[in-house]
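The structure appears right after this line, and notes come after that.
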Amino acid sequence: MSSMSDPENAQKKINTKPIGIRLLECTKKSSLSFKTHQVIVLTITFLAYASYHATRKTTSIIKSSLDPQSPDNSFLKSSKALSWLLGGGWAPFNSGNGTALLGDLDLAFLFVYAIGMFFSGHIGDRMNLRIFLTIGMVGTGLFTSLFGVGYWANIHVFYYYLIVQMLAGLFQSTGWPSVVAVMGKWFGKGKRGLIMGIWNAHTSVGNIAGSLIASYFLKYGWGWSMVVPGGMIIFVGLLLFMFLPVDPESVGAERDEDKSSLPEKIGAEVTKPLLIPTMRSEKESPVGFLEAWKIPGVAPFAFCLFFAKLVAYTFLYWLPFYISHTAIDGEYLSDEAAGNLSTLFDVGGVVGGILAGHISDRLNARAITAASFMYCAIPALYFYRNYGHTSMTINIILMLVTGMFVNGPYALITTAVSADLGTHRSLKGNSRALATVTAIIDGTGSIGAAIGPLLTGYISTQSWSAVFTMLMAAAFVAGLFLTRLVVAEITTKWQDSRQGLTTNIRRSPTNEV
């Protein structure tokens, strides 16, 4: 019986391989190595989520074209030169409540995105992630493009843009739980923080690419700033369908021995989740939603991310608008220049994500690292608001620093922490919790991401200083949610150091008889 089942299993694995993998193996005339599969996974998932963020960034770039008049700045209203520079806007967003309407669009997108995230994680653990991601990317591209079609179709109905944004948010929610689940199945814990930190640069790379592309095409009409990125994500989605291997078992890749598995330390159930054991049960059942919430560390990191993403997404959606409506060294920038300048925030974010991942690996302390970055973001936000307008050089430096501290913990929690908790030892080796845990953490964070831009749309009409006060308070609360985990990690390290000191004393030659 076993002799017959082995060829059948081998044939089944071949049939489940993506067509692109089969073409590569046919060209090479041999099976791809495990490392080669890892490179493919890294590359494809990087491009996939970068394209998700590129399409998400576009609306922040076109805001100043839709609503060029800032209600709280009398100079903008009186300056004919600046009015010519920004253009006449696009109804209904160029009305007195245009800024609030743009905030409503952000809320609609992010609210549906957050709710969809919980369902996407649940579905992602139960179906082929390659197909699931492809559907999400094609749908995202379609509805992003439909938003831009409103430019040529001369659509001025607010509810058209509202509905299109909501549907785009729904398809966008398929991305994050799925790519993290795929990464978690291919990469071990050894240097997960650093690897995930580098890989998570896709968020900032996508934001930068989306900003540059959307800013470039603004001169041809804001519709192009939506349609071009929409077409790009559809192309990447088809590429993903052809090449992405979901897990080693689906392509028959031999898993390398995990040499990073070490004995657990005191307090590790709180501070150091285990990686998936090498031995698995024959059939894994998906983990329930409530069961996933009970995994130690999930709730505090989820609520921390709620406030961390509130800060990060306020910058994502409003930074170009803020720059174009704030005089830097006495001069206002065009929409295109403001969009290009805003990319430096994401450059800082790349550095912050890699730095946070590396530090957390070296210290073996995810909570300490994340909390420290959030607390450091508070003075960075204060200095950017109060001194960023004095000169272009100071603005650039402070924007880079702010991006580093704001995006560092955001990147760490949504990647390495989510993958750690999704393979926690309490799951007993069940890998089918990755997407669900990731969805819970990022879905909770995305609710904060929806609230931040919405509040900014209303508060900014009164004072941008009040907006930054809100962001500083959110960063502080985000750090507070990790207090218990930080204390646990510090306690563990203190106990380990005492045990190490005691051992050294006992081994000292002076203690020998």
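Within each chain, counting starts at residue 1; across the structure tokens, chains are named A, B, ... in the order shown, with ligands numbered 1 upward in that order.
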As a ChimeraX atom specification, please: every residue in range 339-507 of chain A that DSSP puts in alpha helix (DSSP H).
/A:339-363,366-387,392-412,418-422,434-459,464-480,483-507
Could you pull the residues within 9 Å of Gly150 in chain A, counting only C-alpha atoms, minus those fewer than 5 positions along the same chain, as a PyMOL selection string?
chain A and resi 155-156+160-161+223
If you count only C-alpha atoms, which residues fall within 6 Å of range 455-459 of chain A, apart from same-chain ones fewer than 6 positions away, as an MDAnalysis selection string?
chainID A and resid 99:100 103
Exercise: range 461-473 of chain A partners within 12 Å, only C-alpha atoms, chain neighbours under 6 positions left out, as JSON, numbers by chain:
{"A": [69, 70, 71, 72, 73, 74, 96, 97, 98, 99, 100, 101, 103, 307, 308, 309, 310, 311, 312, 313, 314, 315, 318, 319, 321, 322, 323, 325, 326, 374, 375, 376, 377, 378, 379, 380, 381, 382, 383, 384, 385, 386, 387, 402, 405, 406, 448, 449, 451, 452, 453, 454, 455, 479, 480]}
Write out, as a Markdown table, each residue of range 151-259 of chain A that has an atom at most 12 Å from range 338-357 of chain A, together with the closest pair of atoms and their distance in Å to one decimal, counting only C-alpha atoms, rows going by chain and rising number.
| residue | atom | partner | partner_atom | distance |
| --- | --- | --- | --- | --- |
| A:Lys189 | CA | A:Gly357 | CA | 12.0 |
| A:Gly190 | CA | A:Gly357 | CA | 11.9 |
| A:Lys191 | CA | A:Gly357 | CA | 8.7 |
| A:Arg192 | CA | A:Gly357 | CA | 7.8 |
| A:Gly193 | CA | A:Gly357 | CA | 4.1 |
| A:Leu194 | CA | A:Gly357 | CA | 4.5 |
| A:Ile195 | CA | A:Gly357 | CA | 7.6 |
| A:Met196 | CA | A:Gly357 | CA | 7.0 |
| A:Gly197 | CA | A:Ile354 | CA | 4.3 |
| A:Ile198 | CA | A:Ile354 | CA | 5.2 |
| A:Trp199 | CA | A:Ile354 | CA | 8.5 |
| A:Asn200 | CA | A:Gly353 | CA | 6.9 |
| A:Ala201 | CA | A:Val350 | CA | 5.1 |
| A:His202 | CA | A:Val350 | CA | 8.4 |
| A:Thr203 | CA | A:Asp346 | CA | 8.1 |
| A:Ser204 | CA | A:Asp346 | CA | 4.7 |
| A:Val205 | CA | A:Asp346 | CA | 7.4 |
| A:Gly206 | CA | A:Asp346 | CA | 9.1 |
| A:Asn207 | CA | A:Asp346 | CA | 6.8 |
| A:Ile208 | CA | A:Thr343 | CA | 5.0 |
| A:Ala209 | CA | A:Thr343 | CA | 8.5 |
| A:Gly210 | CA | A:Thr343 | CA | 9.3 |
| A:Ser211 | CA | A:Gly339 | CA | 5.8 |
| A:Leu212 | CA | A:Asn340 | CA | 6.0 |
| A:Ile213 | CA | A:Asn340 | CA | 9.5 |
| A:Ala214 | CA | A:Gly339 | CA | 8.3 |
| A:Ser215 | CA | A:Gly339 | CA | 6.0 |
| A:Tyr216 | CA | A:Asn340 | CA | 9.1 |
| A:Phe217 | CA | A:Gly339 | CA | 11.5 |
| A:Leu218 | CA | A:Gly339 | CA | 10.3 |
| A:Ser225 | CA | A:Gly339 | CA | 11.8 |
For N, CA, C and O atoms, I'd like the residues from the last selection saved as a compact mmCIF listing (two decimals), in the first residue's frame.
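out.txt was written with the following content:
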# COMPACT_ATOMS: atom_id res chain seq x y z
N LYS A 189 12.99 30.73 12.94
CA LYS A 189 13.07 31.83 13.91
C LYS A 189 14.46 32.42 14.05
O LYS A 189 14.59 33.57 14.47
N GLY A 190 15.51 31.69 13.68
CA GLY A 190 16.88 32.11 13.94
C GLY A 190 17.13 33.60 13.86
O GLY A 190 17.46 34.24 14.84
N LYS A 191 16.98 34.20 12.67
CA LYS A 191 17.16 35.64 12.49
C LYS A 191 15.90 36.24 11.90
O LYS A 191 15.94 37.09 11.02
N ARG A 192 14.76 35.78 12.41
CA ARG A 192 13.49 36.20 11.84
C ARG A 192 13.29 37.72 11.93
O ARG A 192 12.78 38.35 11.01
N GLY A 193 13.69 38.32 13.05
CA GLY A 193 13.51 39.76 13.22
C GLY A 193 14.24 40.54 12.13
O GLY A 193 13.69 41.45 11.53
N LEU A 194 15.51 40.18 11.88
CA LEU A 194 16.30 40.87 10.87
C LEU A 194 15.76 40.59 9.46
O LEU A 194 15.60 41.51 8.66
N ILE A 195 15.49 39.30 9.17
CA ILE A 195 14.97 38.94 7.84
C ILE A 195 13.64 39.64 7.57
O ILE A 195 13.43 40.22 6.51
N MET A 196 12.74 39.57 8.57
CA MET A 196 11.44 40.20 8.40
C MET A 196 11.57 41.73 8.33
O MET A 196 10.80 42.39 7.65
N GLY A 197 12.55 42.28 9.07
CA GLY A 197 12.75 43.72 9.03
C GLY A 197 13.18 44.19 7.65
O GLY A 197 12.70 45.21 7.15
N ILE A 198 14.10 43.44 7.05
CA ILE A 198 14.54 43.76 5.68
C ILE A 198 13.40 43.54 4.70
O ILE A 198 13.13 44.37 3.84
N TRP A 199 12.72 42.39 4.84
CA TRP A 199 11.60 42.06 3.94
C TRP A 199 10.48 43.09 4.06
O TRP A 199 9.86 43.46 3.08
N ASN A 200 10.25 43.59 5.29
CA ASN A 200 9.17 44.54 5.50
C ASN A 200 9.44 45.90 4.87
O ASN A 200 8.58 46.78 4.88
N ALA A 201 10.62 46.07 4.29
CA ALA A 201 10.89 47.30 3.54
C ALA A 201 9.92 47.44 2.38
O ALA A 201 9.79 48.52 1.80
N HIS A 202 9.22 46.33 2.03
CA HIS A 202 8.26 46.42 0.93
C HIS A 202 7.19 47.46 1.21
O HIS A 202 6.68 48.11 0.29
N THR A 203 6.84 47.66 2.50
CA THR A 203 5.85 48.67 2.85
C THR A 203 6.32 50.05 2.44
O THR A 203 5.59 50.80 1.76
N SER A 204 7.54 50.39 2.83
CA SER A 204 8.08 51.71 2.49
C SER A 204 8.42 51.82 1.01
O SER A 204 8.20 52.87 0.39
N VAL A 205 8.95 50.74 0.43
CA VAL A 205 9.25 50.75 -1.00
C VAL A 205 7.96 50.96 -1.80
O VAL A 205 7.93 51.72 -2.77
N GLY A 206 6.89 50.29 -1.39
CA GLY A 206 5.60 50.47 -2.05
C GLY A 206 5.08 51.88 -1.90
O GLY A 206 4.57 52.48 -2.86
N ASN A 207 5.22 52.44 -0.68
CA ASN A 207 4.78 53.82 -0.46
C ASN A 207 5.58 54.80 -1.32
O ASN A 207 5.02 55.73 -1.90
N ILE A 208 6.89 54.58 -1.37
CA ILE A 208 7.75 55.46 -2.18
C ILE A 208 7.40 55.34 -3.66
O ILE A 208 7.24 56.35 -4.36
N ALA A 209 7.27 54.09 -4.14
CA ALA A 209 6.93 53.88 -5.55
C ALA A 209 5.57 54.47 -5.88
O ALA A 209 5.40 55.15 -6.90
N GLY A 210 4.60 54.25 -5.00
CA GLY A 210 3.27 54.80 -5.22
C GLY A 210 3.29 56.32 -5.25
O GLY A 210 2.62 56.95 -6.09
N SER A 211 4.07 56.92 -4.34
CA SER A 211 4.17 58.38 -4.28
C SER A 211 4.81 58.93 -5.55
O SER A 211 4.30 59.90 -6.15
N LEU A 212 5.92 58.34 -5.97
CA LEU A 212 6.63 58.83 -7.14
C LEU A 212 5.81 58.67 -8.41
O LEU A 212 5.74 59.57 -9.26
N ILE A 213 5.18 57.50 -8.55
CA ILE A 213 4.38 57.24 -9.75
C ILE A 213 3.17 58.16 -9.79
O ILE A 213 2.88 58.79 -10.82
N ALA A 214 2.45 58.24 -8.67
CA ALA A 214 1.25 59.08 -8.63
C ALA A 214 1.61 60.55 -8.82
O ALA A 214 0.90 61.29 -9.52
N SER A 215 2.72 61.00 -8.21
CA SER A 215 3.15 62.39 -8.36
C SER A 215 3.53 62.70 -9.80
O SER A 215 3.20 63.78 -10.32
N TYR A 216 4.20 61.76 -10.45
CA TYR A 216 4.61 61.98 -11.84
C TYR A 216 3.41 62.14 -12.77
O TYR A 216 3.38 63.03 -13.63
N PHE A 217 2.42 61.28 -12.59
CA PHE A 217 1.28 61.30 -13.51
C PHE A 217 0.24 62.36 -13.18
O PHE A 217 -0.72 62.53 -13.95
N LEU A 218 0.42 63.09 -12.07
CA LEU A 218 -0.54 64.16 -11.74
C LEU A 218 -0.64 65.20 -12.84
O LEU A 218 -1.71 65.75 -13.10
N SER A 225 -2.95 58.83 -11.98
CA SER A 225 -2.27 58.50 -10.73
C SER A 225 -2.91 57.32 -10.02
O SER A 225 -2.31 56.73 -9.11
Given only C-alpha atoms as the basis, pick out the residue of A:Thr436, A:Ser497, A:Ser145, A:Ser324 nearest to Asp67 in chain A.
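Of all the options, A:Ser324 lies closest to Asp67 in chain A.
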Find, counting only C-alpha atoms, the residue in A:Val401, A:His389, A:Ala365, A:Thr414 that gets nearest to Ile490 in chain A.
A:Ala365
Give me, as a ChimeraX atom specification, all polymer residues having an atom no more than 6 Å from range 110-120 of chain A, counting only C-alpha atoms and skipping those fewer than 6 positions away in the same chain.
/A:166,169-170,173-174,439-440,443,446-447,450
For CA of Val41 in chain A and CA of Val227 in chain A, quote the distance in Å rounded to one decimal.
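Going from CA of Val41 in chain A over to CA of Val227 in chain A covers 27.1 Å.
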Test item: residues at most 7 Å from Asp247 in chain A, only C-alpha atoms, excluding those fewer than 6 positions along its chain, as a list of chain:residue names
A:Val182, A:Lys185, A:Trp186
Taking into account only C-alpha atoms, which residue in the set A:Ala54, A:Gly231, A:Pro92, A:Leu240 is nearest to Phe132 in chain A?
A:Leu240
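Between CA of Arg366 in chain A and CA of Trp176 in chain A there is a distance of 19.9 Å.
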Which residues of range 391-493 of chain A sit at most 7 Å from range 367-371 of chain A, using only C-alpha atoms? Give each one's shortest atom pair and distance in Å (one decimal place), in chain and ascending residue order, as a tab-separated table.
residue	atom	partner	partner_atom	distance
A:Pro409	CA	A:Ala370	CA	4.6
A:Gly479	CA	A:Ala371	CA	4.5
A:Leu482	CA	A:Ala367	CA	6.1
A:Leu485	CA	A:Ala367	CA	6.0
A:Val486	CA	A:Ile368	CA	5.2
